[in-house]
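Asker: Pasting in a structure now, in structure tokens, and then I'll have a few things to ask.
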Amino acid sequence: MESIEISIPTKPELHESGTKSGANKAWLRDQIQSVWDFCKEDTGREIFALKAGLAVLLVSLLILFEALCQVFGPNIVWAILTAVLVFEDTVGATFNRGFNRALGTLVAGILAIVVAETALSCGHVAEPIIIGLSIFMIV
């Protein structure tokens, strides 16, 4: 098994300047250099992070439109979560994940309607039992 070493600096050490201010600057410079080295390893991660951030920003702007908030109500906030969950590295993977999410939502909605109609048709005594058993079986 391969071990991974993670070093977390606790406090900046005094460098060549001998002052705490110089130590803070050197520590900050070292941190920026380590982030820069990390980013140079694989630029795909940074591009993905920028695209995901842009997608969340654009979806978040939907909340500012009063007409959309009147139509969808407070449920429009769920669009932000969907953008975060569905977004992938490539367009094809994002489309595939979005399609699977939409299909799962459709199947779950149909199943919920079937269970609700079955429970309502069985009477008031059996209704909570059928709903409870269906939740137990699905989860």
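Lettering and numbering for the structure tokens are positional, with chains as A, B, ... in the shown order, residues counted from 1 in each chain, and ligands counted from 1 in the shown order.
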Would you list the contacts of segment 111-123 of chain A as a VMD selection string, taking every protein, DNA or RNA residue within 12 Å and counting only C-alpha atoms, but skipping same-chain residues closer than 4 positions in sequence?

Answerer: chain A and resid 104 to 107 127 to 135 137 to 138

Asker: Emit the selected residues as a short mmCIF file (atom, residue, chain, number, x, y, z; two decimals), in the first residue's frame, including N, CA and C atoms.

Answerer:
```cif
data_model
loop_
_atom_site.label_atom_id
_atom_site.label_comp_id
_atom_site.auth_asym_id
_atom_site.auth_seq_id
_atom_site.Cartn_x
_atom_site.Cartn_y
_atom_site.Cartn_z
N GLY A 104 -34.68 9.43 -14.28
CA GLY A 104 -34.94 8.99 -12.91
C GLY A 104 -36.05 9.78 -12.26
N THR A 105 -36.10 11.08 -12.51
CA THR A 105 -37.17 11.91 -11.97
C THR A 105 -38.52 11.51 -12.55
N LEU A 106 -38.55 11.24 -13.85
CA LEU A 106 -39.79 10.83 -14.49
C LEU A 106 -40.29 9.49 -13.96
N VAL A 107 -39.40 8.52 -13.85
CA VAL A 107 -39.79 7.19 -13.34
C VAL A 107 -40.25 7.29 -11.88
N GLU A 127 -54.22 2.85 3.69
CA GLU A 127 -53.44 3.90 3.02
C GLU A 127 -52.07 4.15 3.67
N PRO A 128 -51.98 4.39 4.99
CA PRO A 128 -50.64 4.63 5.56
C PRO A 128 -49.74 3.41 5.50
N ILE A 129 -50.34 2.22 5.56
CA ILE A 129 -49.54 0.99 5.49
C ILE A 129 -48.92 0.84 4.11
N ILE A 130 -49.70 1.06 3.06
CA ILE A 130 -49.19 0.93 1.69
C ILE A 130 -48.12 1.98 1.41
N ILE A 131 -48.37 3.21 1.83
CA ILE A 131 -47.38 4.26 1.60
C ILE A 131 -46.10 3.96 2.39
N GLY A 132 -46.23 3.54 3.63
CA GLY A 132 -45.07 3.21 4.44
C GLY A 132 -44.28 2.06 3.87
N LEU A 133 -44.96 1.00 3.42
CA LEU A 133 -44.27 -0.15 2.81
C LEU A 133 -43.59 0.24 1.50
N SER A 134 -44.22 1.09 0.71
CA SER A 134 -43.60 1.49 -0.55
C SER A 134 -42.34 2.32 -0.31
N ILE A 135 -42.39 3.18 0.70
CA ILE A 135 -41.19 3.97 1.02
C ILE A 135 -40.09 3.03 1.52
N MET A 137 -39.65 -0.14 0.77
CA MET A 137 -39.12 -0.96 -0.33
C MET A 137 -38.25 -0.15 -1.29
N ILE A 138 -38.59 1.09 -1.52
CA ILE A 138 -37.84 1.92 -2.45
C ILE A 138 -36.51 2.35 -1.85
#
```

Asker: Can you tell me, as a list in words, what residues are no more than 8 Å from segment 77-86 of chain A when counting only C-alpha atoms, ignoring any on the same chain fewer than 2 positions away?

Answerer: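 Residues near the query, excluding close chain neighbours: Ala52, Ala55, Val56, Val59, Ser60, Ile63, Pro74, Asn75, Glu88, Thr94, Arg97, Gly98 and Arg101 of chain A.
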
Asker: Report, in Å with one decimal, the straight-line distance from atom CA of Ile76 of chain A to atom CA of Ala102 of chain A.

Answerer: 16.0 Å

Asker: I need the alpha helix (DSSP H) residues of segment 32-128 of chain A per DSSP on the backbone, written as JSON, numbers by chain.

Answerer: {"A": [32, 33, 34, 35, 36, 37, 38, 39, 40, 41, 43, 44, 45, 46, 47, 48, 49, 50, 51, 52, 53, 54, 55, 56, 57, 58, 59, 60, 61, 66, 67, 68, 69, 70, 71, 72, 78, 79, 80, 81, 82, 83, 84, 85, 86, 91, 92, 93, 94, 95, 96, 97, 98, 99, 100, 101, 102, 103, 104, 105, 106, 107, 108, 109, 110, 111, 112, 113, 114, 115, 116, 117, 118, 119, 120, 121, 127, 128]}

Asker: Go ahead and save the picked residues with C-alpha atoms, as a PDB file, in the first residue's frame.

Answerer:
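New file out08.pdb:
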```pdb
ATOM      1  CA  ILE A  32       1.137  30.762  -4.124  1.00  0.00           C
ATOM      2  CA  GLN A  33       4.003  28.826  -5.708  1.00  0.00           C
ATOM      3  CA  SER A  34       2.558  25.499  -4.530  1.00  0.00           C
ATOM      4  CA  VAL A  35      -0.866  26.434  -5.967  1.00  0.00           C
ATOM      5  CA  TRP A  36       0.812  27.458  -9.238  1.00  0.00           C
ATOM      6  CA  ASP A  37       2.701  24.139  -9.414  1.00  0.00           C
ATOM      7  CA  PHE A  38      -0.518  22.257  -8.724  1.00  0.00           C
ATOM      8  CA  CYS A  39      -2.305  24.134 -11.515  1.00  0.00           C
ATOM      9  CA  LYS A  40       0.510  23.462 -14.001  1.00  0.00           C
ATOM     10  CA  GLU A  41       0.171  19.683 -13.478  1.00  0.00           C
ATOM     11  CA  THR A  43      -4.972  22.373 -16.690  1.00  0.00           C
ATOM     12  CA  GLY A  44      -8.161  20.349 -17.184  1.00  0.00           C
ATOM     13  CA  ARG A  45      -9.069  20.728 -13.517  1.00  0.00           C
ATOM     14  CA  GLU A  46      -8.863  24.498 -13.639  1.00  0.00           C
ATOM     15  CA  ILE A  47     -10.865  24.706 -16.858  1.00  0.00           C
ATOM     16  CA  PHE A  48     -13.504  22.412 -15.364  1.00  0.00           C
ATOM     17  CA  ALA A  49     -13.641  24.521 -12.192  1.00  0.00           C
ATOM     18  CA  LEU A  50     -14.095  27.697 -14.240  1.00  0.00           C
ATOM     19  CA  LYS A  51     -16.826  26.124 -16.383  1.00  0.00           C
ATOM     20  CA  ALA A  52     -18.640  24.737 -13.331  1.00  0.00           C
ATOM     21  CA  GLY A  53     -18.411  28.099 -11.581  1.00  0.00           C
ATOM     22  CA  LEU A  54     -19.757  29.870 -14.658  1.00  0.00           C
ATOM     23  CA  ALA A  55     -22.654  27.390 -14.914  1.00  0.00           C
ATOM     24  CA  VAL A  56     -23.583  27.906 -11.257  1.00  0.00           C
ATOM     25  CA  LEU A  57     -23.314  31.685 -11.693  1.00  0.00           C
ATOM     26  CA  LEU A  58     -25.619  31.671 -14.721  1.00  0.00           C
ATOM     27  CA  VAL A  59     -28.162  29.444 -13.004  1.00  0.00           C
ATOM     28  CA  SER A  60     -27.968  31.611  -9.877  1.00  0.00           C
ATOM     29  CA  LEU A  61     -28.861  34.644 -11.965  1.00  0.00           C
ATOM     30  CA  GLU A  66     -38.897  38.276 -10.934  1.00  0.00           C
ATOM     31  CA  ALA A  67     -41.012  36.657 -13.679  1.00  0.00           C
ATOM     32  CA  LEU A  68     -39.314  33.283 -13.254  1.00  0.00           C
ATOM     33  CA  CYS A  69     -39.652  33.454  -9.472  1.00  0.00           C
ATOM     34  CA  GLN A  70     -43.379  34.127  -9.838  1.00  0.00           C
ATOM     35  CA  VAL A  71     -43.809  31.129 -12.148  1.00  0.00           C
ATOM     36  CA  PHE A  72     -41.647  28.622 -10.277  1.00  0.00           C
ATOM     37  CA  TRP A  78     -33.160  23.689  -6.971  1.00  0.00           C
ATOM     38  CA  ALA A  79     -31.819  24.573 -10.429  1.00  0.00           C
ATOM     39  CA  ILE A  80     -28.520  25.552  -8.787  1.00  0.00           C
ATOM     40  CA  LEU A  81     -28.217  22.142  -7.163  1.00  0.00           C
ATOM     41  CA  THR A  82     -29.047  20.438 -10.452  1.00  0.00           C
ATOM     42  CA  ALA A  83     -26.340  22.409 -12.266  1.00  0.00           C
ATOM     43  CA  VAL A  84     -23.783  21.371  -9.664  1.00  0.00           C
ATOM     44  CA  LEU A  85     -24.797  17.697  -9.670  1.00  0.00           C
ATOM     45  CA  VAL A  86     -25.074  17.269 -13.426  1.00  0.00           C
ATOM     46  CA  VAL A  91     -20.367  17.801 -22.897  1.00  0.00           C
ATOM     47  CA  GLY A  92     -21.253  14.162 -23.569  1.00  0.00           C
ATOM     48  CA  ALA A  93     -20.828  13.156 -19.934  1.00  0.00           C
ATOM     49  CA  THR A  94     -22.892  16.152 -18.805  1.00  0.00           C
ATOM     50  CA  PHE A  95     -25.638  15.298 -21.295  1.00  0.00           C
ATOM     51  CA  ASN A  96     -25.607  11.657 -20.206  1.00  0.00           C
ATOM     52  CA  ARG A  97     -25.820  12.565 -16.530  1.00  0.00           C
ATOM     53  CA  GLY A  98     -28.600  15.092 -17.172  1.00  0.00           C
ATOM     54  CA  PHE A  99     -30.566  12.553 -19.208  1.00  0.00           C
ATOM     55  CA  ASN A 100     -30.220   9.954 -16.454  1.00  0.00           C
ATOM     56  CA  ARG A 101     -31.349  12.501 -13.857  1.00  0.00           C
ATOM     57  CA  ALA A 102     -34.396  13.477 -15.934  1.00  0.00           C
ATOM     58  CA  LEU A 103     -35.277   9.845 -16.600  1.00  0.00           C
ATOM     59  CA  GLY A 104     -34.936   8.988 -12.905  1.00  0.00           C
ATOM     60  CA  THR A 105     -37.172  11.913 -11.966  1.00  0.00           C
ATOM     61  CA  LEU A 106     -39.794  10.827 -14.494  1.00  0.00           C
ATOM     62  CA  VAL A 107     -39.787   7.191 -13.335  1.00  0.00           C
ATOM     63  CA  ALA A 108     -39.938   8.244  -9.666  1.00  0.00           C
ATOM     64  CA  GLY A 109     -42.876  10.555 -10.394  1.00  0.00           C
ATOM     65  CA  ILE A 110     -44.796   7.817 -12.188  1.00  0.00           C
ATOM     66  CA  LEU A 111     -44.061   5.358  -9.382  1.00  0.00           C
ATOM     67  CA  ALA A 112     -45.242   7.906  -6.788  1.00  0.00           C
ATOM     68  CA  ILE A 113     -48.525   8.419  -8.650  1.00  0.00           C
ATOM     69  CA  VAL A 114     -49.097   4.660  -8.901  1.00  0.00           C
ATOM     70  CA  VAL A 115     -48.437   4.144  -5.183  1.00  0.00           C
ATOM     71  CA  ALA A 116     -50.640   7.121  -4.204  1.00  0.00           C
ATOM     72  CA  GLU A 117     -53.541   5.949  -6.373  1.00  0.00           C
ATOM     73  CA  THR A 118     -53.205   2.390  -5.062  1.00  0.00           C
ATOM     74  CA  ALA A 119     -53.157   3.617  -1.458  1.00  0.00           C
ATOM     75  CA  LEU A 120     -56.183   5.868  -1.987  1.00  0.00           C
ATOM     76  CA  SER A 121     -58.197   3.094  -3.604  1.00  0.00           C
ATOM     77  CA  GLU A 127     -53.438   3.904   3.021  1.00  0.00           C
ATOM     78  CA  PRO A 128     -50.639   4.632   5.559  1.00  0.00           C
TER      79      PRO A 128
END
```
